[in-house]
Amino acid sequence: MADWDWQVFCKDTIEGEVIPRCFGGGGDITYLDWMLSAWGWTLSVSLLSLAVAIVFGSLMGILRTTPNRGLVFLGNAWTELFRNIPLLVQIVLWYHVVPAFIPALRGVPSFLLVVAALGLFTSARISEQVRAGIQSLPRGQRMAGLAMGFTLPQTYRFILLPMAFRIIIPPLTSESMNIVKNSSVAFAVSIAELTLFAMQAQEETARGIEIYLAVTGLYFISAFAINRIMHFIEGRVSVPGLIAAGGK
Amino acid sequence: MPMIEIKNVGKWYGDFNVLADCTTQVEKGEVIVVCGPSGSGKSTLIKCVNGLEPFQKGEILVNGTSVGAPGTNLSRLRSHVGMVFQHFELFPHMSITENLTIGQVKVLGRGKEEARDKGLKLLDRVGLKAHAHKFPGQLSGGQQQRVAIARALAMDPICMLFDEPTSALDPEMINEVLDVMVQLAKEGMTMMCVTHEMGFARKVANRVIFMDHGRIVEDADKDEFFGTPRSDRAQQFLAKILNH
Amino acid sequence: MLDLNLDFAFLTPDVISGYIVKGFVFSLQLTLVAMLGGIVLGTLLALMRLSSKPWLVMPAAAYVNTMRSIPLVMVILWFFLLIPLLSGRPLGAEMSAMITFTLFEAAYYSEIMRAGIQSIPKGQVAAGYALGMTYGQTMREVVLPQAFRNMLPVLLTQTIILFQDTSLVYAIGAYDLLKGFEIAGKNFNRPVETYLVAAAIYFVICFSLSMLVKKLQVRIAIIR
């Protein structure tokens, strides 16, 4: 353990020879090339899943606060379903089971199936936050909106949601960071992301510590970058005098 | 030897001087009342007496033991200095009986039976025997404070500290607590009470201390304090308190 | 459009006891060990972080923050790699998982206990001290029981998440509930059915536990 061998990243993935510039060329790739491409997959899975999660999570969270019992039930059922099955099992379901039922999905790349799985899994948690955010607003706000003659959707669009989303930015931030961490579960269905890279490169090179350190570092950087972006957004949309829950 | 001796005590929060050169003493069997506007340092001073608040300058002796000295066993000292808090601070996860026995058992090492008997006797004394099995949350504020006094007495204290014992109570409950305190004073307990209850002071106090901006401005016999003119600030304060 | 062709008949009692029970027992074992160990360790970490001594605060904070920013799968891989290097002998995937989950969950439980301890009014500590209790007695008798009771629903919710996360021992090939189903599915060539049943079992367990937590939350709110 005493001696490091960081040159492992400059090695060709096939012959295992060190390539001087560390980046391969002409069809050869080094472990560094592979790792950077894996990082790209991690970020793509994370960001697309986050988009899916925010869309479905917001929708379901909103449904759960409406006066319509059927919609509330739909939102609750959605949330409980996707919250109470382990992410790994959900990914496996999307990969092995859903295409077996729906032949149209059989040609879909597994990357998109993982995005669906991670996105919907996270949507359950975002739905909780959106519901809590809306319910934390004073009840008078909804009544004031309706009293002005807004329809219910208008009341949500112009009054409740703009405030609720500002309030839930801090929990949304940690959920966005979670999604990067959770994207690691995609290794199980052979998405070429960072964790799968770590497992395979460790096996091929026997330099596990160097590989794991680099991969762990990239996860740190990704989560930190998301954290900064969310803080930037939080600052841009903050309303003077309105104290958001859990503010700085 | 006085029971409590406070000598030139000074305390700072950063640059803010909370206590400045405070000196006074409480003799055995004496009852003294400490009053003053909010932020005057009176609560801080009484918490220095049993070491709940540290202080940077001066010395406090309780029954001859120095509170601030590094070698002092603070837990042992506190175990025989009773304290009653503004917000009662009964332990909400324990029944009234458990509240009364926990200190006796864990700190004094008494047997459970003995502690229980002692606790119930004192509970009877504050008029709450029927509530022994309940939890603090099921009692009114006045009842909780009486239990808190019984809890302190169960440790057989050599003196008692009261930190605004009635200021968190609804007006109709104040007297039930004061009655217990008056009774205690008449039995000869040494008491240091931070309170604005001037009726209580008139009835049982030997001396009254008035504090302002971290200083002891007035330290006089009861009759002197309520009778002859003194510092302007004490007069203004008394006028405000007594006029309503 | 739907192509339903399911057959659960192969899941006989023999198959269940042969493939599933072993994995299920391990998943439960792992959850219990990591919960108990994690809560004890997490409480210690929380007390360290809330102490006034920087040499206790800093290592505890560093530990908790590091654990919380690494994906669990990576932590599992790290420990699986490091434990044999440090101890000099391989420990096996199951044992490695127990150690990993205990140390990993401690970081999450510690944040919960820290919030719980901080929610107890300062006066309670003062009252403990005023009775002559030591720091240890005040924590043990006064603060921790209240913090623990207040945080019980959150601790249990974390345990449900922990139970779900135990499926990630897949990364090092430990034999857990999911693995049992996977192997059965492969051997009988019925992967779709086995994954469906596995999902249903996880769902039933986690859903009923979370309903229990909700009830508990209401009860605790009443007592307070």
# chains A, B, ... in the order shown; residues from 1 in each chain; ligands from 1
$ interface_residues --of "chain A" --to "chain C" --cutoff "8 Å" --atoms "only C-alpha atoms" --output "ChimeraX atom specification"
/A:80-81,84-90,92-93,96-97,100-104,181-182,184-185,188,195,199,208-209,212,216,219-220,223
$ interface_residues --of "chain C" --to "chain B" --cutoff "12 Å" --atoms "only C-alpha atoms" --output "PDB file with C-alpha atoms, in the first residue's frame"
ATOM      1  CA  ILE C 120     -33.822  19.097  23.979  1.00  0.00           C
ATOM      2  CA  PRO C 121     -34.048  22.456  25.805  1.00  0.00           C
ATOM      3  CA  LYS C 122     -30.819  23.589  27.493  1.00  0.00           C
ATOM      4  CA  GLY C 123     -32.687  23.856  30.789  1.00  0.00           C
ATOM      5  CA  GLN C 124     -32.983  20.076  30.940  1.00  0.00           C
ATOM      6  CA  VAL C 125     -29.202  19.744  30.998  1.00  0.00           C
ATOM      7  CA  ALA C 126     -28.980  22.482  33.624  1.00  0.00           C
ATOM      8  CA  ALA C 127     -31.597  20.679  35.741  1.00  0.00           C
ATOM      9  CA  GLY C 128     -29.614  17.441  35.547  1.00  0.00           C
ATOM     10  CA  TYR C 129     -26.432  19.209  36.600  1.00  0.00           C
ATOM     11  CA  ALA C 130     -28.280  21.094  39.351  1.00  0.00           C
ATOM     12  CA  LEU C 131     -29.273  17.743  40.873  1.00  0.00           C
ATOM     13  CA  GLY C 132     -25.597  16.881  41.029  1.00  0.00           C
ATOM     14  CA  MET C 133     -25.546  14.547  38.032  1.00  0.00           C
ATOM     15  CA  THR C 134     -22.336  14.186  36.045  1.00  0.00           C
ATOM     16  CA  TYR C 135     -22.158  14.777  32.269  1.00  0.00           C
ATOM     17  CA  GLY C 136     -22.530  11.056  31.677  1.00  0.00           C
ATOM     18  CA  GLN C 137     -25.517  10.715  33.999  1.00  0.00           C
ATOM     19  CA  THR C 138     -27.223  13.802  32.535  1.00  0.00           C
ATOM     20  CA  ARG C 140     -27.837   8.875  29.895  1.00  0.00           C
ATOM     21  CA  GLU C 141     -30.764   9.628  32.189  1.00  0.00           C
ATOM     22  CA  VAL C 142     -32.103  12.941  30.903  1.00  0.00           C
ATOM     23  CA  VAL C 143     -31.056  13.944  27.393  1.00  0.00           C
ATOM     24  CA  LEU C 144     -30.585  10.738  25.386  1.00  0.00           C
ATOM     25  CA  PRO C 145     -33.862   9.043  26.423  1.00  0.00           C
ATOM     26  CA  GLN C 146     -35.788  12.132  25.336  1.00  0.00           C
ATOM     27  CA  ALA C 147     -33.770  12.606  22.146  1.00  0.00           C
ATOM     28  CA  PHE C 148     -34.206   8.952  21.297  1.00  0.00           C
ATOM     29  CA  ARG C 149     -37.952   9.027  21.905  1.00  0.00           C
ATOM     30  CA  ASN C 150     -38.454  12.204  19.876  1.00  0.00           C
ATOM     31  CA  ILE C 220     -45.555  10.691  19.946  1.00  0.00           C
ATOM     32  CA  ILE C 222     -49.906  13.448  21.291  1.00  0.00           C
ATOM     33  CA  ILE C 223     -47.642  12.626  24.218  1.00  0.00           C
ATOM     34  CA  ARG C 224     -45.567  15.746  23.676  1.00  0.00           C
TER      35      ARG C 224
END
$ select_by_dssp --residues "range 23-233 of chain B" --states "helix (DSSP H, G or I)" --output "number ranges by chain"
B: 42-49, 74-79, 96-106, 112-125, 129-131, 136-138, 141-153, 171-186, 198-204, 222-227, 232-233
$ closest_residue --among "B:Arg207, B:Lys11, B:His133, B:Lys112" --to "Glu27 in chain B" --atoms "only C-alpha atoms"
B:Arg207
$ atom_distance --atom1 "CA of Val177 in chain B" --atom2 "CA of Pro136 in chain B"
15.9 Å
$ atom_distance --atom1 "CA of Val218 in chain C" --atom2 "CA of Leu152 in chain C"
11.8 Å
